Each structure stands twice: as C-alpha cells, then as structure tokens.
Amino acid sequence: MSEAPDSNDGVAETPGERSEATERPQWLSDLLLIGGIVAATYAAFGVIGLLTGVGLNETVGFMRQVTFFAAVYALVVLALNLHWGYTGLFNIGVAGFMAVGVYTMAFLTASPDGSPAGLGLPIPIGVVGGMIAAGLVGLIAALPALRVRADYFAIVTLGLSEIIRLSLLSGSLRSVEIGDTEYGTGGGSGISYTPVDSVVPWLLERPVIGFAGDQLYAIGRMVGIQSSIIDGGLYTGVLILFVITFYLLLTRIAYSPFGRVLKAIREDELAARSLGKNTDRVKITVFVVGCALMGLAGILWMGSQSRVNPDSFMPIVTFYIFVALIVGGSGSNTGSIVGAFAFAAFLWQGPRFIRAIVRANVDVRPPQTIYDAVVALGSGDPLPFVGYVIGTLDELRFVLVGVVLILLMIWKPDGLLGHRKELAAATDITRRPTATDGGEPDE
Amino acid sequence: MSDTTATADANVDSTERATEKSDRSADETPDRRSVDEPILRVENLEKRFGGITAVDGASFQVERGSITGLIGPNGAGKSTTFNCITGVHTPNDGVVVFEGTDITGREPHQVANQGLVRTFQIARELPEMTVLENMMLAPKDQQGESLWRSVLPIVRRDVVEQEREIRDRAWEMLEFFEIDHLAGEYAGNLSGGQRKLLEMARALLTDPEMLLLDEPMAGVNPSLEKKLLSHIHELQDRGYTFLLVEHDMDVIMNHCEHVIVMHQGAVLAEGTPEEITANEDVIEAYLGGDV
C-alpha cells in the first residue's frame, strides 16, 4: 500500500548486474537538472540582455559574475551541507573557518619583503596549508563543542567565528616582530599576497590549455568581449572544476554507510549510539573534513583578490550561505548547487542585471529621499521611484532575500530539492533483491 | 525508603535464585564465564539524579536464552535501570556484567557492540530515513563506516560488495517482521506499532546476544501484539535472550519464564510468574499499600 517510489519490481534483475551502473542515472539526471537550470537561466539573461540593449560585453560580464558567485557559493554550501544537511551540525561559524583558510594561505604565500611579511612559499603549499589549518581549527573547536547540545553548538561556532575575525582585526596581532621581519595579520588592512587566480596565466603557458586559451581570446576579440572578462571566465572555469570535485566527493560520502551514519546522527543520535555507532568519532571526522573544505572554498573565493582583510568574514557571509542552502534544500548535494546558483543568479546578481537594463533604457536619477519618490509616483511620474529603487538596490536586495525566504517557508519549506529521497547506501536499495532467497517480488 | 539492598535481597522469595548471588566482588574476570553463568548480571546498581535516587541498589540476573520480564509500578526505576545497563546513564554505584565482561559505565555504542542491544519505550526510528535505510544502519563492522573507505575508488568496491550483503539481510529481516512492503517509506510515516516492529527488526540486525525491550507492546494493537510475541518466541528458539519491561500483565504472566519486580529503585521480588502473582509484597506495591 505504500507508494514506494521507483520500486518498479516488474523487472527481475540479478543483484550483480545492478552495481555502480545504477548510481549513474541518478547522477546523470542530477547533472542534466543542474545543467538545464543553468543553461535556461543564461539563455534568458542573454536574450533579455541583448533585447533590452544592455550590450554583449556587459551581458557576458554579468554572466561571468553570476557563474563566479554561483561556483564559490556552491563550494561553501556543499561543505555546509555536509555539516548541517547531512549530520545536523548547526555550524554558524562558516565565515570563521573560511577566514582561517584564507589567512593561512596569505601568510604562507605572501612575500617575505611585504608588510606584514609572509613566508613566500608557492601557492599550492599555501592552499593545502590553509585547508589543513581550517581543519585543525575545526578539530580544536569540535572536541569541546560537540559535547554540548545542538543549539549551544551553534552559539559556540558563531562565537568562535567572531573570535577569529576580531583577533585578525585586533591591534595586538597586527604586527609582530620576529627577528628583523614584521609578521602579523595586518589588522584592518589585512595581508596582501599573490592571488590564487594567478593560476590562470600559469595554465595559459601550458601547451594544450595555452592553445585553447589563445583561441578563446581570439574569439573574444572577434565578437568584442573584453579580455579581462575572459581572464575572469577562465578562473571561473577552474572554480567549476573544484565544484565538480567537491560534488563527487560529497556524493560518494552521501551514498555510503558513512553517509548513513551521518543521517542517523542528524535524525536521532541516541538511536545511532544504541545501534553500536561511535557517533563522537564520526561527528569529529565530519566536522574537520567540512571545515577543511570551507577553508579551501574560502581560499578559492576570497583568495582570488590580492588582499584579504577581516571585513570579508562578517557573520552575514555565513547567513548568505545558509540562505543558499535553504533555497536549494538542505540534505541534498544537488540541491546545494542549485541553491547556490539560484542565490547567485536571482537574489544576488539578478537585481544588478535589472539595474543595468533600466540604466540602458531610461535616464533615471535617484531622488533625494523616498518621500520625493512617492510624491512623484502619486502625481503620475514613476521615474523618480524607479530611480530610488535602482539607487538603493544593493540595500533592497536584503528585503528580496527576506521575501524569498518567507515565500519558501510557505510553499516549499524543504527548499527546491529538499523533498527528494536520496538513499544513503553504496548500492541500489530501491528494489528488493530477487536472486537471494528465490522469492518472487510481490506487488 | 532509604534502606539498602539488604531489604531487596531479603524479599526475594525464590530461594534457589537468591543463593546464586553469593559472589559480590566487583572485579569480574571474563574467563570465569561458563554456559551456566547468567548472560546478564546486575549487582547493587545505584543511580541518583540530584536528590532523587531512581535506582537504589537493584540486583538481578538474566538467564541465557530466557524471556525475562521486568515489572514494577511507575517510578520504580525500570527505565533508569535499562539506561544504566546500556550506558545511556552512568550508574553511581554497582556493577553490570554482560557475558562475563564488566560493562559498567561503558558508552552506549560499546555496550551495543558487545551484543547487548536495546529498544526504547517510545520508538526511536530515524524519521527522515527510509525503513530500509534504518535497517541498513544497524549491522556491525561495516567497512564503509570509515570515511576513506567510502570515498577512495578501489577500496570502495569492497564497501559496495558488503552493502549488497547488508541490503539482502535487511530485506530478509523485513520479511520476517512482515514490514517489507514499507521498505521505501520514510520511517516517520509509519504507525506506532510498525515503528515498534521496525525498531526490533533493526536491533536484531546488529547480531545481538541479548535484547532489552522497553515496553515493546505499548501502543501496539492486539493483533500486532500477538505477532510481536510470536516473533519473540521464535527468536528465543534461535537462541536470543530477552529482557522486557512491560506494563501489560498478561504479556508478562503468559510469556515470561522469569519475572523481576522492582519497587522504589530496588528489586522487590523475583521468580516465576506464578510465584510473583502469589507474592503479598508485589500485590501491595501494585495496589499502593505501604511497604
């Protein structure tokens, strides 16, 4: 009588035949889903952009920005999904772990002659070092924090994140003289270093990639796209490779007995313990891994600027990441990516695109106050109001985020993809095995 | 009633059982186990919460292969005793010996891995996991529970191999409990009785020696109750040992070989169902008379 989804037992099949192969349709359909959403969105932006006279250069640049934000958000959201979506660890200190990753990377790679000075190590060592540092801070946080109840755990992580940010900001750590060199966090002005997107020029010097890159620049020149947009686009391509890697790694975790224990911890930890699962060990492992991934995501995101400062790691960053995860549906890796993309495309960059459209078509000047705008609107002239909206768009986005969250809570409380059954097993368990007991599949 | 365990022992009317409690030394060595030795022995268990002494020197033992009932009025300390045995609470005093090993104060997962697995008074299914996922969580020694084995490409093949075995075992167990038609359903959508079945089926997949069932019949309709009891008897024939807390006297009197009565944190009486029904102290405790 259950509506047991996908349990079409009509086809008798030996268990041997349905090995890894049956995982692929799910992966493939997920890939098509993500690809479809992205392609449809870009097509819509492209058509609208060109029709409304925004211009090719600006439209492509806008899409590049959307892709960049979608990719970096997807990285952090995937890591957070491992903590919160799968294990139920309410980590609201995401920004702090990102900060540890980026600052460690900055310290390891910054020039020894800089102010504050770094160690001048190669970037890959900095990236790996940053991940390890974020993981270690995660471990130090986890040992005491995982002993407290879920809501206190949230407070501990938020507190830790703020302690990290304020320490980086503090005057006493700003500059520490060791030997003849001034090390330190640089306080409010931060540390400057070689950004990680310098990987793109390095890649362009490689044989095959370099050739492909030259073609790309040539095409760009032909249709009139600035080379700076292509530079950024190539780094975004690198980010997408990282997103795919994250996704594959986390999907493997999800479809495994380890992932099953994670879900069990989220659902009822005592039940899991009573079935012989060492949940403390699993929680610490998963927290450290998630924190290391957050560190890496932070490096790939913030590390693509040439300077890092503590303002990039305000608690609000953590909340945006949560919004993206909630939009996509926590507990689903595919949902995490969809949520990150939806957040970047519609909530974050979408309003800016609308501003570009309006500016390309109407000459609007923002009025002094909203009062002037409303008065003009009342007397039949909408332009000042439009101008006001456009002028304060960056602030109004927060309102948009709030409205979307409320609508989501009403109509789709599980997020866009949160309702899906993603079964935590390394083999297909939607159908009953028929070869084992010789029994006929009933129903 | 601040009396110590002496009173509890004095009240034991079944004399041949009482004599088995001669040895009170806390340091048990595992090599002393034999076939005759009880599978579970609880001695002088004591658990205090602030000013309340929930378990006050309870001592009893459970014979291998038996169905033993643990009864008592509300607040007698039955559930706390369960929690102390299974590591949910750490007892303030006393010893719990399972299969000749002192398991006092061990973590719940360690107790479970020893082969002593429990169910809960209110079923603790994992609601947003399917019934089959719930089942597949349970088996012991799953290679894929280590992160790197689940992730690394070549080692993962062994994990997938083991997953198939686990899946097949889970299906068989679901068929045994006749809830296989619910395999793809979220456990949270099950009825109360089905959850009880699921919890027991899940506990069995851990390959336990002994099951502690906390009110397995609470909220279960009569026909399902019959089914559960027949399952319990069938499993007893396969060699499992059961200790069950239950309020339904018919279940206790008709299905348990041995009954332990707790009252105010201590063992008031133990013996066969017939002996218990004839026991004055027990009647008084249940009817609320002063002891």
# chains A, B, ... in the order shown; residues from 1 in each chain; ligands from 1
>>> closest_atom_pairs(of="chain A", to="chain B", cutoff="7 Å", atoms="only C-alpha atoms", output="Markdown table")
| residue | atom | partner | partner_atom | distance |
| --- | --- | --- | --- | --- |
| A:Ser2 | CA | B:Leu182 | CA | 6.1 |
| A:Ala4 | CA | B:Gly184 | CA | 5.0 |
| A:Pro5 | CA | B:Gly184 | CA | 6.9 |
| A:Leu249 | CA | B:Val151 | CA | 6.8 |
| A:Arg252 | CA | B:Val151 | CA | 5.7 |
| A:Ile253 | CA | B:Val151 | CA | 6.3 |
| A:Ser256 | CA | B:Ser150 | CA | 5.9 |
| A:Pro257 | CA | B:Gly144 | CA | 4.9 |
| A:Phe258 | CA | B:Glu145 | CA | 4.2 |
| A:Arg260 | CA | B:Leu137 | CA | 6.3 |
| A:Val261 | CA | B:Leu137 | CA | 6.7 |
| A:Ala264 | CA | B:Leu126 | CA | 6.4 |
| A:Glu267 | CA | B:Leu126 | CA | 5.3 |
| A:Asp268 | CA | B:Leu126 | CA | 6.1 |
| A:Ala271 | CA | B:Arg124 | CA | 6.0 |
| A:Arg273 | CA | B:His109 | CA | 4.8 |
| A:Ser274 | CA | B:Pro108 | CA | 5.4 |
| A:Leu275 | CA | B:Ala138 | CA | 5.8 |
| A:Gly276 | CA | B:His109 | CA | 3.7 |
| A:Lys277 | CA | B:His109 | CA | 5.4 |
| A:Asn278 | CA | B:His109 | CA | 5.8 |
| A:Ala424 | CA | B:Glu133 | CA | 6.7 |
| A:Ala426 | CA | B:Val160 | CA | 5.4 |
| A:Thr427 | CA | B:Val160 | CA | 6.0 |
| A:Ile429 | CA | B:Arg167 | CA | 6.9 |
| A:Thr430 | CA | B:Gly184 | CA | 6.7 |
| A:Pro433 | CA | B:Asp168 | CA | 6.5 |
>>> write_last_selection(atoms="C-alpha atoms", output="CSV table (one decimal), in the first residue's frame")
chain,number,residue,atom,x,y,z
A,2,SER,CA,3.0,2.3,0.2
A,4,ALA,CA,7.2,3.2,-2.7
A,5,PRO,CA,8.8,5.4,-5.3
A,249,LEU,CA,33.5,13.6,-3.1
A,252,ARG,CA,30.4,9.5,-2.5
A,253,ILE,CA,30.1,10.3,1.2
A,256,SER,CA,27.8,5.2,1.6
A,257,PRO,CA,27.5,3.6,5.0
A,258,PHE,CA,29.4,6.6,6.4
A,260,ARG,CA,24.1,6.6,6.6
A,261,VAL,CA,25.6,7.2,10.0
A,264,ALA,CA,21.3,8.8,11.6
A,267,GLU,CA,17.8,12.1,12.9
A,268,ASP,CA,18.4,10.6,16.4
A,271,ALA,CA,19.3,5.7,18.5
A,273,ARG,CA,24.6,5.1,19.5
A,274,SER,CA,22.3,2.4,20.7
A,275,LEU,CA,22.9,0.5,17.5
A,276,GLY,CA,26.7,0.5,18.2
A,277,LYS,CA,27.8,3.6,16.2
A,278,ASN,CA,30.6,5.6,17.6
A,424,ALA,CA,22.2,6.6,1.8
A,426,ALA,CA,26.5,2.4,-1.7
A,427,THR,CA,24.2,0.2,-3.8
A,429,ILE,CA,18.3,-0.3,-2.4
A,430,THR,CA,15.1,0.9,-4.1
A,433,PRO,CA,16.9,-8.3,-4.3
>>> residues_around(residues="segment 383-399 of chain A", least_positions_apart="5", cutoff="12 Å", atoms="only C-alpha atoms", output="MDAnalysis selection string")
chainID A and resid 316 319:320 323 343:344 346:359 361:378 404:406
>>> select_by_dssp(residues="segment 20-216 of chain B", states="alpha helix (DSSP H)", output="ChimeraX atom specification")
/B:78-85,108-114,131-137,147-151,156-176,192-204
>>> select_by_dssp(residues="segment 83-157 of chain B", states="strand (DSSP E)", output="ChimeraX atom specification")
/B:93-98,101-102,116-118
>>> residues_around(residues="Gly65 of chain B", least_positions_apart="5", cutoff="10 Å", atoms="only C-alpha atoms", output="PyMOL selection string")
chain B and resi 38-39+209-210+235-242
>>> residues_around(residues="Gly329 of chain A", least_positions_apart="3", cutoff="7 Å", atoms="only C-alpha atoms", output="VMD selection string")
chain A and resid 325 to 326 332 335 to 336 414 to 418
>>> closest_residue(among="B:Gln264, B:Asn254, B:Ser191, B:Gln61", to="Glu46 of chain B", atoms="only C-alpha atoms")
B:Gln264
>>> closest_residue(among="B:Leu40, B:Leu45, B:Ala54, B:Leu198", to="Gly100 of chain B", atoms="only C-alpha atoms")
B:Leu40
>>> atom_distance(atom1="atom CA of Val238 of chain A", atom2="atom CA of Gly220 of chain A")
18.7 Å
>>> residues_around(residues="segment 182-191 of chain A", least_positions_apart="2", cutoff="9 Å", atoms="only C-alpha atoms", output="count of residues only")
31
>>> closest_residue(among="B:Phe98, B:Ser66, B:Thr104, B:Asn83", to="Leu270 of chain A", atoms="only C-alpha atoms")
B:Asn83
>>> residues_around(residues="Phe49 of chain B", least_positions_apart="2", cutoff="12 Å", atoms="only C-alpha atoms", output="PDB file with C-alpha atoms, in the first residue's frame")
ATOM      1  CA  GLU B  46      22.509   2.707  42.114  1.00  0.00           C
ATOM      2  CA  LYS B  47      21.635   5.866  40.213  1.00  0.00           C
ATOM      3  CA  GLY B  51      18.203  14.361  45.458  1.00  0.00           C
ATOM      4  CA  ILE B  52      16.236  11.554  43.868  1.00  0.00           C
ATOM      5  CA  THR B  53      17.533   8.019  43.981  1.00  0.00           C
ATOM      6  CA  ALA B  54      15.978   6.436  40.911  1.00  0.00           C
ATOM      7  CA  VAL B  55      17.701   3.095  41.285  1.00  0.00           C
ATOM      8  CA  ASP B  56      18.618   2.123  44.798  1.00  0.00           C
ATOM      9  CA  GLY B  77      13.314   2.662  38.263  1.00  0.00           C
ATOM     10  CA  THR B  80      16.629   4.049  34.587  1.00  0.00           C
ATOM     11  CA  HIS B  89      23.407   6.801  32.167  1.00  0.00           C
ATOM     12  CA  THR B  90      26.497   6.067  34.195  1.00  0.00           C
ATOM     13  CA  PRO B  91      25.462   4.403  37.448  1.00  0.00           C
ATOM     14  CA  ASN B  92      26.693   5.976  40.684  1.00  0.00           C
TER      15      ASN B  92
END
